[in-house]
Every structure is written in structure tokens, then in C-alpha cells.
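Structure, as C-alpha cells:
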Amino acid sequence: MQAAKICMVGDFSVGKTSMVARYVHSTFSDRYLTTVGVKIDTRQVELEGGMAMKLVLWDLAGTDVLNATGSAYLRGAAGYLLVIDGTRRDTLETACRLQEQVSGMLGDTPFVAAVNKADLKAAWEVTPDDISQRIAAGWPVECCSAKTGEGVGAVFQQLANAIAAR
Amino acid sequence: MKEHRLPQELQHYLDRQLFHRVHPLCLVADAQERLTGASGDLDFYGLADLVEGERLDNVLPWLSGTAAGLVEPLVLEFLSMETRPGVAHTAHVHLVPLSAGLGIVLLDASDEQAQRRERQQAANELALLHRQREKLLAELEQSQVRLQESHRRLEEAGQLKSLFIGNMSHEFRTPLTSILGYLDLRHQGEMKPAYLDAMEGAARHLLSLVDNLLDQAKLENDELQLNPTETDVREIAGVIRQMFERTARQSGIGFTVEVSPRLPACLLLDGMRLRQILVNLTGNAFKFTQQGEIRVTLDWQDARLNVAVSDTGSGIPVAEQRRIFEPFRQAGQPAIRRHGAGLGLAITLALVERMGGRMQLESTPGKGSRFVFDIDAPESHRIPVTRARTTGRRHLLIVEDDPDIRALLGAYLEDSGYDLAFAADGGMALAALTASKPDLLLMDLHLPDMMGPQVVQAARDEGYEGPVIILSAAAGQAEQAQAAAVGVDAYLAKPIDPAVLLKTLSELG
Ligand SMILES: Nc1nc2c(ncn2[C@@H]2O[C@H](COP(=O)(O)OP(=O)(O)O)[C@@H](O)[C@H]2O)c(=O)[nH]1
Ligand SMILES: [Mg+2]
């Protein structure tokens with residue numbers, strides 16, 4: 001079975017760890033527990049053609065990838081999830097910086113931008129305009145909530161499909 | 001100092017210390033990442049079951065992608081993994097490319113990670129709190145600005161209200177003083193017609209003040225209802241012309257009311273309200289014009305009535321143009337004392353908007369102003385129904401409980417050519433109906449024993465078919481509807497204008 005290394009990148013506390021917990025273990029915790037280093041998890045997905053793929057998820061800490069020790073984690077990644085917290089507009093700006101940085105290191109690699117915390121949409125600072133602008137810039141953008149689970153599976157599935165299409 | 005080989009016991013001691021601290025584990029794999037050798041604490045990492053030749057990326061999935069094509073050692077700090085369900089470890093992982101294959105070194109980092117996490121957690125939480133605080137502060141600042149703004153507006157509204165009350169009492173006091181003053185003169189001899197004229201003028205002024213106040217209250221509570229009927233706008237134009245002719249002549253200001261020949265004979269609109277708008281705008285123009293001319297033009301197109309009232313008066317500065325339409329304001333604060341309650345334009349604007357129109361103001365200070373508006377005014381082809389007149393002296397029954405008003409009505413209608421009969425309540429009225437068979441009924445809305453429409457209903461039941469005029473001080477919408485249902489022909493508001501009363505009587509036959 002094909003295995004694909006996927007890195008979770010994005011500002012701290014945007015919900016990277018929570019998305020993985022939701023996707024792999026179907027759990028969620030309101031408590032914030034800072035990630036130090038990287039945590040590895042795996043889950044199998046069915047691809048569009050009926051084939052299966054093993055996703056190896058690298059849940060990174062915050063903006064670690066921007067420094068030398070952190071950038072080691074990215075080596076050999078087949079794709080990455082760019083996670084944004086809808087309730088904090090600055091995490092969108094961080095995502096923009098990260099995307100440039102990561103694509104500089106990995107070259108042209110599939111990614112999906114996930115705007116998380118859709119359950120708090122009333123308090124979002126990220127506007128529909130911001131999102132349209134990212135889409136116009138060529139980003140695949142999806143909204144999801146690690147808390148309710150809404151859209152989380154779809155985000156990973158979309159990324160897996162994009163990787164398989166390579 | 002020359003370097004010595006360590007004594008073996010010391011070397012062992014050191015190894016044990018290091019071993020206990022970092023539990024080193026070395027794995028060696030071939031080019032296909034299959035296990036070829038292992039040395040170290042396999043058990044600690046839950047890897048005791050590894051067998052030679054096994055593919056390592058099954059047990060250590062993070063090797064996938066990461067190790068391929070390495071040319072120099074790669075260090076992955078704090079890599080957390082679950083080698084068996086429920087067994088989690090964090091290690092610094094070194095991937096070392098070998099001439100034929102790969103060396104993998106794991107050094108336990110669980111304690112170090114726990115310490116690092118504690119520090120990092122505090123820093124991140126602090127950053128989040130800091131951000132939260134910034135956000136709250138910004139919100140606080142905003143709501144403070146809003147609060148100050150609404151405070152300022154409330155204060156201003158309060159000032160305007162007290163100014164208004166002071167102004168109103170002044171407005172009421174002036175005509176009342178004049179009425180009482182002239183009345184005092186009756187002890188010194190005869191009332192001259194000029195005194196009576198002055199008293200009438202003062203009383204009418206009081207009435208219009210009260211009307212304006214009531215209209216404003218209705219507008220504020222959204223209770224004002226329009227009553228569109230067949231209306232002859234030329235007649236209204238005539239009323240305006242008459243009303244202001246004298247003022248114009250006295251002040252030497254030119255005054256014209258022009259009606260376009262396009263205007264149909266009969267339009268469907270609330271004539272009373274249109275008249276009120278025109279009186280307000282024209283009156284306003286006279287207040288602020290010392291010389292030159294005032295023109296009122298009325299035109300009609302596409303079911304809309306277009307009206308312009310222009311003057312050559314003092315004009316209104318741009319900054320004031322919006323504010324003059326707010327209640328209790330007039331251009332320039334001192335003007336408030338000079339000219340009435342400051343409700344006229346607010347009411348006018350609201351009426352125009354309610355009649356489906358928009359008000360525009362063009363004004364140049366020192367040159368003059370032009371108020372332009374258009375309202376819905378569909379043409380009506382309905383011809384007012386007139387009754388066949390009967391000949392001979394006609395009987396009019398007046399039903400009114402207040403003896404003063406009864407006497408006043410008697411005085412108004414003394415020479416009108418009617419035979420008058422009087423009743424003080426509904427019961428007496430019904431008795432008089434059978435006794436004197438009147439041709440016409442003039443009736444108060446509120447009677448001590450029953451309401452006007454009830455009396456009319458009873459009279460209709462008795463076979464009375466003549467016209468009915470209802471008088472009322474404050475007619476609500478519900479009462480008017482009730483009156484219409486039993487067949488009331490006219491509705492007149494108190495105080496009664498004798499001219500209007502006579503005109504109505506003659507129209508009804
Ligand atoms: N309301 C809500 N909270 C979330 C969601 N995802 C994560 N969180 C919370 O956000 C905080 C940070 O989440 P975490 O997954 O640790 O973020 P990471 O630093 O990006 O890994 C935690 O308190 C989570 O409970 C979500 O979808 N909705
Ligand atoms: Mg995390």
C-alpha cells in the first residue's frame with residue numbers, strides 16, 4: 001500500500017493537533033495542550049479509484065518549520081495541511097508566510113488550506129472576502145471544525161486525492 | 001594532560017548512566033529499509049518483537065518518505081510515536097546514511113519534552129491571553145466611543161426637549177395673553193371688530209400649535225394614517241393663495257401660486273395633508289423672506305403631483321440643510337425663539353414621505369431656498385354624488401350635549417335658512433326624529449348616553465334616510481370606520497369652522 005507523509009502546519013493553537021485527533025481517533029478536547037516537536041499518527045484512506053493509501057500524519061508544533069531544526073520534519077512530505085484559525089485573522093497571515101516557506105523547501109507539493117473552528121463562525125475574524133482572495137490566489141480552501149468534526153474528513157480526503165493524482 | 005583510556009569500571013558506570021538517561025537504541029537497515037541489526041534498549045521503545053528482515057516502515061511509519069535518498073545525517077528532535085497501541089515514546093531520532101543502508105538512532109527525550117512543554121505551554125497561553133486582552137481593549141475602546149456618542153446625543157436631545165418646552169410655553173402664552181387682554185377690554189366698553197379679529201387670530205394660532213404637536217406625536221408613534229379621497233388640487237391651491245395673499249401684500253413680497261393646465265380635475269390623495277404641507281412650506285418661506293418673491297408651483301405627470309415652493313429669503317447653509325428637518329430644530333439656534341415650535345418641517349417631511357414622495361431642498365444662503373417634492377397622485381374619474389334637492393324650508397336636528405357648543409351652533413346656523421331643532425343626548429334625538437321628521441342630522445360623536453354612530457344606526461332603523469354630519473373633537477380611526485359603516489356623510493373636526501360647516505350643509509342639500 002502506498003504511504004504518504006503529510007505535515008500539519010499553521011500557527012500555534014489553530015487546531016492542528018485537534019484535527020488529527022478528530023480524524024484519527026474521533027475525539028476532541030477543549031483543553032489546549034502545546035505540541036513540542038512532532039507527533040506521528042497514521043490513518044488509512046480509500047481513494048477515488050477504490051485503492052487505499054496510508055496517511056502518515058506529522059503534527060508539528062506551531063511555526064517550528066520556519067527554523068533549521070524544524071525544517072528537518074518536512075523532508076520527504078507528499079503534501080501538507082495549512083491550518084488557519086477562523087477566529088484569529090493573524091493566523092491567516094502566518095499561513096501565507098508558511099505556505100511560501102514550505103513550498104520553497106518542498107517545491108510544488110499538494111496542500112489544502114483548512115480554516116478551522118467553523119463552529120465559532122459568529123466570532124470569525126477571517127471574512128468570506130479573505131477566503132475568496134486566497135482562492136483567487138490559487139489556494140484550495142476548506143472550512144472545518146475539529147470540535148464538531150464537520151468537514152475534517154473531507155479536508156484530509158481532498159489532500160489524499162490530490163497526492164494520489166500526482 | 002595526556003588522555004587516558006578510562007578504567008573499565010568507570011566506562012561501565014558512565015554507560016549505565018547514559019543508558020538510563022537516554023535509553024539509546026541503534027537499528028541498522030538495508031537499502032529497502034529492512035532490519036539487519038539492532039543494539040540497545042529495544043524493550044524500552046516497545047520494539048522487543050522486531051525480527052530481522054522485517055520492513056521497518058511498518059513499525060516506524062515516520063520513516064516513509066523521510067529517509068529516502070539521505071546523504072547526510074538528519075536529526076528529528078522530539079519525535080513522538082506509538083510503537084504499539086497505548087505505548088507512546090518521545091525520542092530524538094537520528095537518521096544516518098550508511099554505505100549500504102541506514103542507521104537509525106533513538107535517544108529518549110520524554111523528560112526533556114515534558115519540561116519543554118511546560119515552558120512552551122506557558123508562553124503560548126500568555127501570547128493567547130495577550131492577544132485576547134488586546135482584542136478586549138479595542139472593543140472596550142470602541143464601545144466607549146459609542147457610549148460617549150450616545151451620551152452626547154441623549155444630552156442634546158434632553159436640551160432640545162427642555163428648550164422645546166420652554167419655547168412651547170412661550171408659544172402658548174403669547175396668544176393666550178393676547179386673548180385674555182382683549183377680553184379684559186370688554187369691561188371698558190364695546191368689543192371692536194378689530195379686537196375680535198385679533199382674538200380669532202390668536203386662537204387659530206393656538207389651535208395650529210396643538211395640531212402640530214399631535215401630528216408629531218402620531219408620527220413618532222407611527223400612528224398617523226393617510227386618508228386618500230377624490231381631491232380637487234386647484235381648490236387647495238386657491239385656499240393657499242387666499243390664505244397668504246394678505247401677508248404678502250402687507251410685507252410687500254410677491255406671491256404667486258401656479259397650477260399647470262396638465263393637472264387633472266380630480267386626484268386621489270389626502271387633500272387635508274397636502275394642504276397642511278403647502279401651508280407649512282409657504283408659511284416657512286414667509287418667515288424667512290424679507291423681500292423678493294415666493295412662488296408655489298403645482299404640476300402633474302405620470303400619476304405624480306410635483307410641487308415646488310421657492311423663496312428669495314435668507315437661505316439655509318449646507319451644514320444645516322439636513323438638520324432643519326429634524327423635530328425641534330430650526331436653522332440657527334436663536335431662530336427657535338423667534339419662529340414657533342420647530343415641528344413644521346419635520347412633520348412636512350414625514351408627510352411627504354408617507355405620501356410616497358421625496359423632499360429635496362436647494363438653498364443658497366443670502367439668495368433663497370427651493371423645497372421640491374412629488375407625491376403619489378393617481379387621477380380619479382369618480383364624480384362626486386350630489387343629492388336631489390327638495391324645496392321649501394328644511395329641518396335640521398342638532399344633537400350636542402354641551403350647552404355652549406349647542407348655542408354656538410345655533411348662532412352659526414341662525415341665518416342659514418334651516419329650521420333648527422335641538423337634542424342633548426341620543427334618547428332625545430331619537431324622540432325628536434319621530435316628532436319633527438328632520439331633513440338633516442348634525443350630531444356630536446360622544447353623547448352622554450350613546451355614541452353618535454349608535455344613534456345614527458337607530459335612526460336608520462327607524463327609517464331616517466337623510467344626510468348625517470358628525471362632529472368630533474378627536475376622531476380615532478376606529479370611530480371613523482364605524483361612522484362610515486352606518487352611513488355618515490361628513491365628518492367635521494372641532495373646533496368648528498362655520499364656513500366649512502355651511503359649505504358642507506349646502507353640499508349635502
Ligand atoms: N471551538 C473550537 N475549538 C477548537 C477547534 N479546534 C481546536 N480547538 C481548540 O483550540 C485550541 C488549540 O487546539 P490545538 O489542536 O491544540 O491547536 P494546535 O496548536 O494547532 O495543535 C484547543 O483549546 C482546542 O480545544 C474547533 O474546531 N472549534
Ligand atoms: Mg498542536
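Residue numbers start at 1 in each chain; chains themselves are named A, B, ... in the order of the C-alpha cells; ligands are numbered from 1 in the order shown.
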Contact residues around range 85-95 of chain A with only C-alpha atoms at 9 Å, ignoring same-chain residues under 6 positions, as an NGL selection string: :A and (9-15 or 63 or 113-118 or 120-127 or 130 or 143)
Kindly export the residues of the current selection with N, CA, C and O atoms, as an mmCIF file, in the first residue's frame.
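Final output, result27.cif:
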```cif
data_model
loop_
_atom_site.group_PDB
_atom_site.id
_atom_site.type_symbol
_atom_site.label_atom_id
_atom_site.label_comp_id
_atom_site.auth_asym_id
_atom_site.auth_seq_id
_atom_site.Cartn_x
_atom_site.Cartn_y
_atom_site.Cartn_z
ATOM 1 N N VAL A 9 0.785 22.080 9.190
ATOM 2 C CA VAL A 9 1.479 23.323 9.517
ATOM 3 C C VAL A 9 0.467 24.435 9.773
ATOM 4 O O VAL A 9 -0.664 24.403 9.284
ATOM 5 N N GLY A 10 0.883 25.406 10.539
ATOM 6 C CA GLY A 10 -0.006 26.520 10.889
ATOM 7 C C GLY A 10 0.393 27.077 12.240
ATOM 8 O O GLY A 10 1.087 26.423 13.014
ATOM 9 N N ASP A 11 -0.054 28.295 12.518
ATOM 10 C CA ASP A 11 0.269 28.990 13.765
ATOM 11 C C ASP A 11 -0.128 28.138 14.979
ATOM 12 O O ASP A 11 -0.920 27.206 14.838
ATOM 13 N N PHE A 12 0.395 28.447 16.149
ATOM 14 C CA PHE A 12 0.050 27.649 17.328
ATOM 15 C C PHE A 12 -1.412 27.860 17.709
ATOM 16 O O PHE A 12 -1.990 28.908 17.459
ATOM 17 N N SER A 13 -1.977 26.776 18.222
ATOM 18 C CA SER A 13 -3.354 26.802 18.748
ATOM 19 C C SER A 13 -4.439 27.017 17.689
ATOM 20 O O SER A 13 -5.536 27.439 18.009
ATOM 21 N N VAL A 14 -4.120 26.720 16.431
ATOM 22 C CA VAL A 14 -5.153 26.845 15.403
ATOM 23 C C VAL A 14 -6.008 25.577 15.324
ATOM 24 O O VAL A 14 -7.102 25.582 14.765
ATOM 25 N N GLY A 15 -5.483 24.460 15.874
ATOM 26 C CA GLY A 15 -6.272 23.225 15.883
ATOM 27 C C GLY A 15 -5.653 22.083 15.084
ATOM 28 O O GLY A 15 -6.356 21.153 14.700
ATOM 29 N N THR A 63 5.080 27.152 14.565
ATOM 30 C CA THR A 63 5.842 27.646 13.424
ATOM 31 C C THR A 63 7.253 27.061 13.408
ATOM 32 O O THR A 63 8.153 27.627 12.791
ATOM 33 N N ALA A 113 -5.660 24.319 2.339
ATOM 34 C CA ALA A 113 -5.776 25.254 3.453
ATOM 35 C C ALA A 113 -7.094 24.981 4.163
ATOM 36 O O ALA A 113 -8.150 24.972 3.539
ATOM 37 N N ALA A 114 -7.017 24.722 5.474
ATOM 38 C CA ALA A 114 -8.222 24.421 6.245
ATOM 39 C C ALA A 114 -8.475 25.544 7.239
ATOM 40 O O ALA A 114 -7.639 25.809 8.099
ATOM 41 N N VAL A 115 -9.611 26.241 7.095
ATOM 42 C CA VAL A 115 -9.969 27.270 8.069
ATOM 43 C C VAL A 115 -10.805 26.581 9.140
ATOM 44 O O VAL A 115 -11.945 26.186 8.913
ATOM 45 N N ASN A 116 -10.179 26.410 10.314
ATOM 46 C CA ASN A 116 -10.771 25.600 11.378
ATOM 47 C C ASN A 116 -11.617 26.463 12.328
ATOM 48 O O ASN A 116 -11.609 27.679 12.245
ATOM 49 N N LYS A 117 -12.347 25.796 13.214
ATOM 50 C CA LYS A 117 -13.224 26.395 14.230
ATOM 51 C C LYS A 117 -14.485 26.972 13.589
ATOM 52 O O LYS A 117 -14.970 28.047 13.961
ATOM 53 N N ALA A 118 -15.005 26.235 12.599
ATOM 54 C CA ALA A 118 -16.232 26.662 11.922
ATOM 55 C C ALA A 118 -17.422 26.680 12.881
ATOM 56 O O ALA A 118 -18.431 27.331 12.600
ATOM 57 N N LEU A 120 -17.451 28.200 15.519
ATOM 58 C CA LEU A 120 -17.467 29.545 16.115
ATOM 59 C C LEU A 120 -17.638 30.619 15.044
ATOM 60 O O LEU A 120 -17.189 31.751 15.222
ATOM 61 N N LYS A 121 -18.278 30.281 13.948
ATOM 62 C CA LYS A 121 -18.303 31.183 12.793
ATOM 63 C C LYS A 121 -18.785 32.591 13.136
ATOM 64 O O LYS A 121 -18.362 33.567 12.510
ATOM 65 N N ALA A 122 -19.680 32.686 14.121
ATOM 66 C CA ALA A 122 -20.191 34.014 14.502
ATOM 67 C C ALA A 122 -19.054 34.917 14.968
ATOM 68 O O ALA A 122 -19.125 36.134 14.829
ATOM 69 N N ALA A 123 -17.979 34.303 15.511
ATOM 70 C CA ALA A 123 -16.881 35.111 16.054
ATOM 71 C C ALA A 123 -15.684 35.140 15.115
ATOM 72 O O ALA A 123 -14.590 35.528 15.515
ATOM 73 N N TRP A 124 -15.870 34.755 13.886
ATOM 74 C CA TRP A 124 -14.741 34.715 12.947
ATOM 75 C C TRP A 124 -14.239 36.105 12.592
ATOM 76 O O TRP A 124 -15.032 37.020 12.354
ATOM 77 N N GLU A 125 -12.924 36.215 12.553
ATOM 78 C CA GLU A 125 -12.307 37.444 12.039
ATOM 79 C C GLU A 125 -11.943 37.272 10.571
ATOM 80 O O GLU A 125 -11.801 38.238 9.843
ATOM 81 N N VAL A 126 -11.733 36.019 10.186
ATOM 82 C CA VAL A 126 -11.455 35.737 8.772
ATOM 83 C C VAL A 126 -12.777 35.884 8.016
ATOM 84 O O VAL A 126 -13.773 35.263 8.361
ATOM 85 N N THR A 127 -12.791 36.761 7.011
ATOM 86 C CA THR A 127 -14.041 37.078 6.321
ATOM 87 C C THR A 127 -14.175 36.266 5.036
ATOM 88 O O THR A 127 -13.182 35.748 4.517
ATOM 89 N N ASP A 130 -11.698 37.465 2.621
ATOM 90 C CA ASP A 130 -10.345 36.923 2.809
ATOM 91 C C ASP A 130 -10.237 35.584 2.106
ATOM 92 O O ASP A 130 -9.255 35.304 1.404
ATOM 93 N N CYS A 143 -13.462 24.917 4.887
ATOM 94 C CA CYS A 143 -13.756 25.243 6.280
ATOM 95 C C CYS A 143 -14.075 23.952 7.021
ATOM 96 O O CYS A 143 -14.632 23.024 6.449
#
```
Compile a residue-level contact table for chain A against ligand 2 at a cut-off of 6 Å, reporting for every qualifying residue the shortest atom pair and its distance in Å to one decimal, with only C-alpha atoms and all ligand atoms counted, rows ordered by chain and ascending number, as CSV.
```
residue,atom,partner,partner_atom_place_in_ligand_line,distance
A:Lys16,CA,ligand 2,1 (Mg),5.3
A:Thr17,CA,ligand 2,1 (Mg),4.1
A:Thr34,CA,ligand 2,1 (Mg),5.5
A:Thr35,CA,ligand 2,1 (Mg),4.3
A:Ala61,CA,ligand 2,1 (Mg),5.5
```
Using the selection just defined, write its residues with N, CA and C atoms as a PDB file, in the first residue's frame.
```pdb
ATOM      1  N   LYS A  16      -4.344  22.147  14.853  1.00  0.00           N
ATOM      2  CA  LYS A  16      -3.693  21.066  14.095  1.00  0.00           C
ATOM      3  C   LYS A  16      -3.824  19.744  14.839  1.00  0.00           C
ATOM      4  N   THR A  17      -3.432  19.768  16.121  1.00  0.00           N
ATOM      5  CA  THR A  17      -3.492  18.548  16.930  1.00  0.00           C
ATOM      6  C   THR A  17      -4.935  18.051  17.028  1.00  0.00           C
ATOM      7  N   THR A  34       0.013  22.237  24.380  1.00  0.00           N
ATOM      8  CA  THR A  34       1.012  22.622  23.391  1.00  0.00           C
ATOM      9  C   THR A  34       1.770  21.405  22.861  1.00  0.00           C
ATOM     10  N   THR A  35       1.933  21.362  21.561  1.00  0.00           N
ATOM     11  CA  THR A  35       2.739  20.307  20.963  1.00  0.00           C
ATOM     12  C   THR A  35       4.201  20.727  21.002  1.00  0.00           C
ATOM     13  N   ALA A  61       4.704  21.382  15.726  1.00  0.00           N
ATOM     14  CA  ALA A  61       4.424  22.434  16.699  1.00  0.00           C
ATOM     15  C   ALA A  61       4.509  23.786  16.011  1.00  0.00           C
TER      16      ALA A  61
END
```
Contact residues (chain B, partner chain A, 8 Å, only C-alpha atoms) as a PyMOL selection string: chain B and resi 61-62+64-68+74-82+113+116-117+120-121+124
Nearest-residue call for ligand 1, choices B:Glu200, B:Leu128, B:Tyr13, B:Glu414, using only C-alpha atoms and all ligand atoms: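 Closest to ligand 1, using only C-alpha atoms and all ligand atoms: B:Leu128.
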Distance query Val318 in chain B at most 10 Å, only C-alpha atoms, self and fewer than 2 positions along chain excluded, as a ChimeraX atom specification: /B:315-316,320-323,361-365
Residues just named, written with N, CA and C atoms as a PDB file, in the first residue's frame:
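Now in part39.pdb:
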```
ATOM      1  N   GLY B 315     -32.094  81.844   3.033  1.00  0.00           N
ATOM      2  CA  GLY B 315     -31.395  80.624   2.628  1.00  0.00           C
ATOM      3  C   GLY B 315     -30.894  79.832   3.822  1.00  0.00           C
ATOM      4  N   ILE B 316     -30.462  78.590   3.539  1.00  0.00           N
ATOM      5  CA  ILE B 316     -30.032  77.702   4.623  1.00  0.00           C
ATOM      6  C   ILE B 316     -28.650  77.159   4.291  1.00  0.00           C
ATOM      7  N   GLU B 320     -26.697  72.984   7.633  1.00  0.00           N
ATOM      8  CA  GLU B 320     -27.958  72.988   8.374  1.00  0.00           C
ATOM      9  C   GLU B 320     -29.064  72.273   7.610  1.00  0.00           C
ATOM     10  N   GLN B 321     -28.836  71.996   6.309  1.00  0.00           N
ATOM     11  CA  GLN B 321     -29.947  71.596   5.456  1.00  0.00           C
ATOM     12  C   GLN B 321     -30.610  70.307   5.902  1.00  0.00           C
ATOM     13  N   ARG B 322     -29.780  69.367   6.432  1.00  0.00           N
ATOM     14  CA  ARG B 322     -30.378  68.121   6.881  1.00  0.00           C
ATOM     15  C   ARG B 322     -31.088  68.330   8.228  1.00  0.00           C
ATOM     16  N   ARG B 323     -30.451  69.155   9.063  1.00  0.00           N
ATOM     17  CA  ARG B 323     -30.941  69.299  10.437  1.00  0.00           C
ATOM     18  C   ARG B 323     -32.261  70.039  10.544  1.00  0.00           C
ATOM     19  N   LEU B 361     -34.187  69.804  -1.147  1.00  0.00           N
ATOM     20  CA  LEU B 361     -34.001  71.197  -0.779  1.00  0.00           C
ATOM     21  C   LEU B 361     -32.771  71.733  -1.502  1.00  0.00           C
ATOM     22  N   GLU B 362     -32.983  72.818  -2.243  1.00  0.00           N
ATOM     23  CA  GLU B 362     -31.845  73.511  -2.847  1.00  0.00           C
ATOM     24  C   GLU B 362     -31.838  74.892  -2.205  1.00  0.00           C
ATOM     25  N   SER B 363     -30.691  75.274  -1.663  1.00  0.00           N
ATOM     26  CA  SER B 363     -30.679  76.547  -0.957  1.00  0.00           C
ATOM     27  C   SER B 363     -29.307  77.193  -1.011  1.00  0.00           C
ATOM     28  N   THR B 364     -29.293  78.498  -1.207  1.00  0.00           N
ATOM     29  CA  THR B 364     -28.048  79.259  -1.167  1.00  0.00           C
ATOM     30  C   THR B 364     -28.221  80.369  -0.142  1.00  0.00           C
ATOM     31  N   PRO B 365     -27.372  80.398   0.875  1.00  0.00           N
ATOM     32  CA  PRO B 365     -27.510  81.456   1.874  1.00  0.00           C
ATOM     33  C   PRO B 365     -27.464  82.836   1.213  1.00  0.00           C
TER      34      PRO B 365
END
```
Expected answer as a PyMOL selection string: strand (DSSP E) residues in range 225-298 of chain B: chain B and resi 229-231+254-259+267-269+293-298
Could those selected residues go to a file with N, CA, C and O atoms, as a PDB file, in the first residue's frame?
```
ATOM      1  N   THR B 229     -58.696  60.633  -0.738  1.00  0.00           N
ATOM      2  CA  THR B 229     -60.047  60.713  -1.323  1.00  0.00           C
ATOM      3  C   THR B 229     -59.952  61.507  -2.619  1.00  0.00           C
ATOM      4  O   THR B 229     -58.896  62.059  -2.942  1.00  0.00           O
ATOM      5  N   GLU B 230     -61.053  61.595  -3.338  1.00  0.00           N
ATOM      6  CA  GLU B 230     -61.075  62.405  -4.549  1.00  0.00           C
ATOM      7  C   GLU B 230     -60.844  63.853  -4.141  1.00  0.00           C
ATOM      8  O   GLU B 230     -61.574  64.389  -3.313  1.00  0.00           O
ATOM      9  N   THR B 231     -59.831  64.470  -4.716  1.00  0.00           N
ATOM     10  CA  THR B 231     -59.451  65.805  -4.275  1.00  0.00           C
ATOM     11  C   THR B 231     -59.260  66.732  -5.470  1.00  0.00           C
ATOM     12  O   THR B 231     -58.652  66.344  -6.462  1.00  0.00           O
ATOM     13  N   GLY B 254     -43.746  89.513  -3.352  1.00  0.00           N
ATOM     14  CA  GLY B 254     -44.529  88.947  -4.442  1.00  0.00           C
ATOM     15  C   GLY B 254     -44.932  87.518  -4.110  1.00  0.00           C
ATOM     16  O   GLY B 254     -44.135  86.760  -3.558  1.00  0.00           O
ATOM     17  N   PHE B 255     -46.177  87.156  -4.419  1.00  0.00           N
ATOM     18  CA  PHE B 255     -46.626  85.803  -4.086  1.00  0.00           C
ATOM     19  C   PHE B 255     -47.483  85.244  -5.215  1.00  0.00           C
ATOM     20  O   PHE B 255     -48.486  85.834  -5.597  1.00  0.00           O
ATOM     21  N   THR B 256     -47.040  84.134  -5.804  1.00  0.00           N
ATOM     22  CA  THR B 256     -47.836  83.514  -6.866  1.00  0.00           C
ATOM     23  C   THR B 256     -48.004  82.027  -6.597  1.00  0.00           C
ATOM     24  O   THR B 256     -47.104  81.371  -6.067  1.00  0.00           O
ATOM     25  N   VAL B 257     -49.177  81.541  -6.934  1.00  0.00           N
ATOM     26  CA  VAL B 257     -49.443  80.104  -6.893  1.00  0.00           C
ATOM     27  C   VAL B 257     -49.816  79.699  -8.313  1.00  0.00           C
ATOM     28  O   VAL B 257     -50.815  80.159  -8.844  1.00  0.00           O
ATOM     29  N   GLU B 258     -48.954  78.880  -8.949  1.00  0.00           N
ATOM     30  CA  GLU B 258     -49.205  78.498 -10.345  1.00  0.00           C
ATOM     31  C   GLU B 258     -49.612  77.042 -10.419  1.00  0.00           C
ATOM     32  O   GLU B 258     -48.961  76.179  -9.847  1.00  0.00           O
ATOM     33  N   VAL B 259     -50.689  76.807 -11.153  1.00  0.00           N
ATOM     34  CA  VAL B 259     -51.140  75.429 -11.340  1.00  0.00           C
ATOM     35  C   VAL B 259     -51.034  75.089 -12.813  1.00  0.00           C
ATOM     36  O   VAL B 259     -51.559  75.809 -13.661  1.00  0.00           O
ATOM     37  N   LEU B 267     -57.890  64.279  -8.284  1.00  0.00           N
ATOM     38  CA  LEU B 267     -56.794  63.348  -7.980  1.00  0.00           C
ATOM     39  C   LEU B 267     -57.132  62.583  -6.708  1.00  0.00           C
ATOM     40  O   LEU B 267     -57.855  63.072  -5.845  1.00  0.00           O
ATOM     41  N   LEU B 268     -56.562  61.380  -6.627  1.00  0.00           N
ATOM     42  CA  LEU B 268     -56.797  60.579  -5.431  1.00  0.00           C
ATOM     43  C   LEU B 268     -55.624  60.778  -4.472  1.00  0.00           C
ATOM     44  O   LEU B 268     -54.543  60.229  -4.666  1.00  0.00           O
ATOM     45  N   LEU B 269     -55.844  61.610  -3.452  1.00  0.00           N
ATOM     46  CA  LEU B 269     -54.806  61.825  -2.439  1.00  0.00           C
ATOM     47  C   LEU B 269     -55.443  62.405  -1.191  1.00  0.00           C
ATOM     48  O   LEU B 269     -56.622  62.758  -1.186  1.00  0.00           O
ATOM     49  N   GLU B 293     -39.683  87.470  -3.732  1.00  0.00           N
ATOM     50  CA  GLU B 293     -40.947  86.805  -4.018  1.00  0.00           C
ATOM     51  C   GLU B 293     -40.956  85.354  -3.562  1.00  0.00           C
ATOM     52  O   GLU B 293     -39.903  84.744  -3.342  1.00  0.00           O
ATOM     53  N   ILE B 294     -42.173  84.853  -3.435  1.00  0.00           N
ATOM     54  CA  ILE B 294     -42.399  83.460  -3.060  1.00  0.00           C
ATOM     55  C   ILE B 294     -43.298  82.844  -4.120  1.00  0.00           C
ATOM     56  O   ILE B 294     -44.320  83.432  -4.481  1.00  0.00           O
ATOM     57  N   ARG B 295     -42.852  81.701  -4.649  1.00  0.00           N
ATOM     58  CA  ARG B 295     -43.641  81.063  -5.718  1.00  0.00           C
ATOM     59  C   ARG B 295     -43.964  79.630  -5.329  1.00  0.00           C
ATOM     60  O   ARG B 295     -43.100  78.886  -4.888  1.00  0.00           O
ATOM     61  N   VAL B 296     -45.230  79.288  -5.540  1.00  0.00           N
ATOM     62  CA  VAL B 296     -45.653  77.901  -5.350  1.00  0.00           C
ATOM     63  C   VAL B 296     -46.097  77.390  -6.709  1.00  0.00           C
ATOM     64  O   VAL B 296     -46.922  78.018  -7.364  1.00  0.00           O
ATOM     65  N   THR B 297     -45.497  76.280  -7.184  1.00  0.00           N
ATOM     66  CA  THR B 297     -45.930  75.737  -8.475  1.00  0.00           C
ATOM     67  C   THR B 297     -46.373  74.292  -8.299  1.00  0.00           C
ATOM     68  O   THR B 297     -45.762  73.520  -7.563  1.00  0.00           O
ATOM     69  N   LEU B 298     -47.455  73.959  -8.985  1.00  0.00           N
ATOM     70  CA  LEU B 298     -48.001  72.598  -8.920  1.00  0.00           C
ATOM     71  C   LEU B 298     -48.100  72.047 -10.332  1.00  0.00           C
ATOM     72  O   LEU B 298     -48.656  72.694 -11.215  1.00  0.00           O
TER      73      LEU B 298
END
```
Nearest-residue call for ligand 1, choices B:Glu125, B:Leu351, B:Thr289, B:Met168, using only C-alpha atoms and all ligand atoms: B:Glu125
Interatomic distance (Å, one decimal) between CA of Leu66 in chain A and CA of Lys147 in chain A: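 Between these atoms lies a distance of 27.6 Å.
Here CA of Pro467 in chain B is placed at a distance of 10.7 Å from CA of Thr504 in chain B.
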DSSP alpha helix (DSSP H) residues within range 44-126 of chain A, listed as JSON, numbers by chain: {"A": [68, 69, 70, 71, 90, 91, 92, 93, 94, 95, 96, 97, 98, 99, 100, 101, 102, 103, 104, 105, 106]}
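What separates CA of Ala160 in chain A from atom 1 (N, counted along the ligand's line) of ligand 1 is a distance of 25.4 Å.
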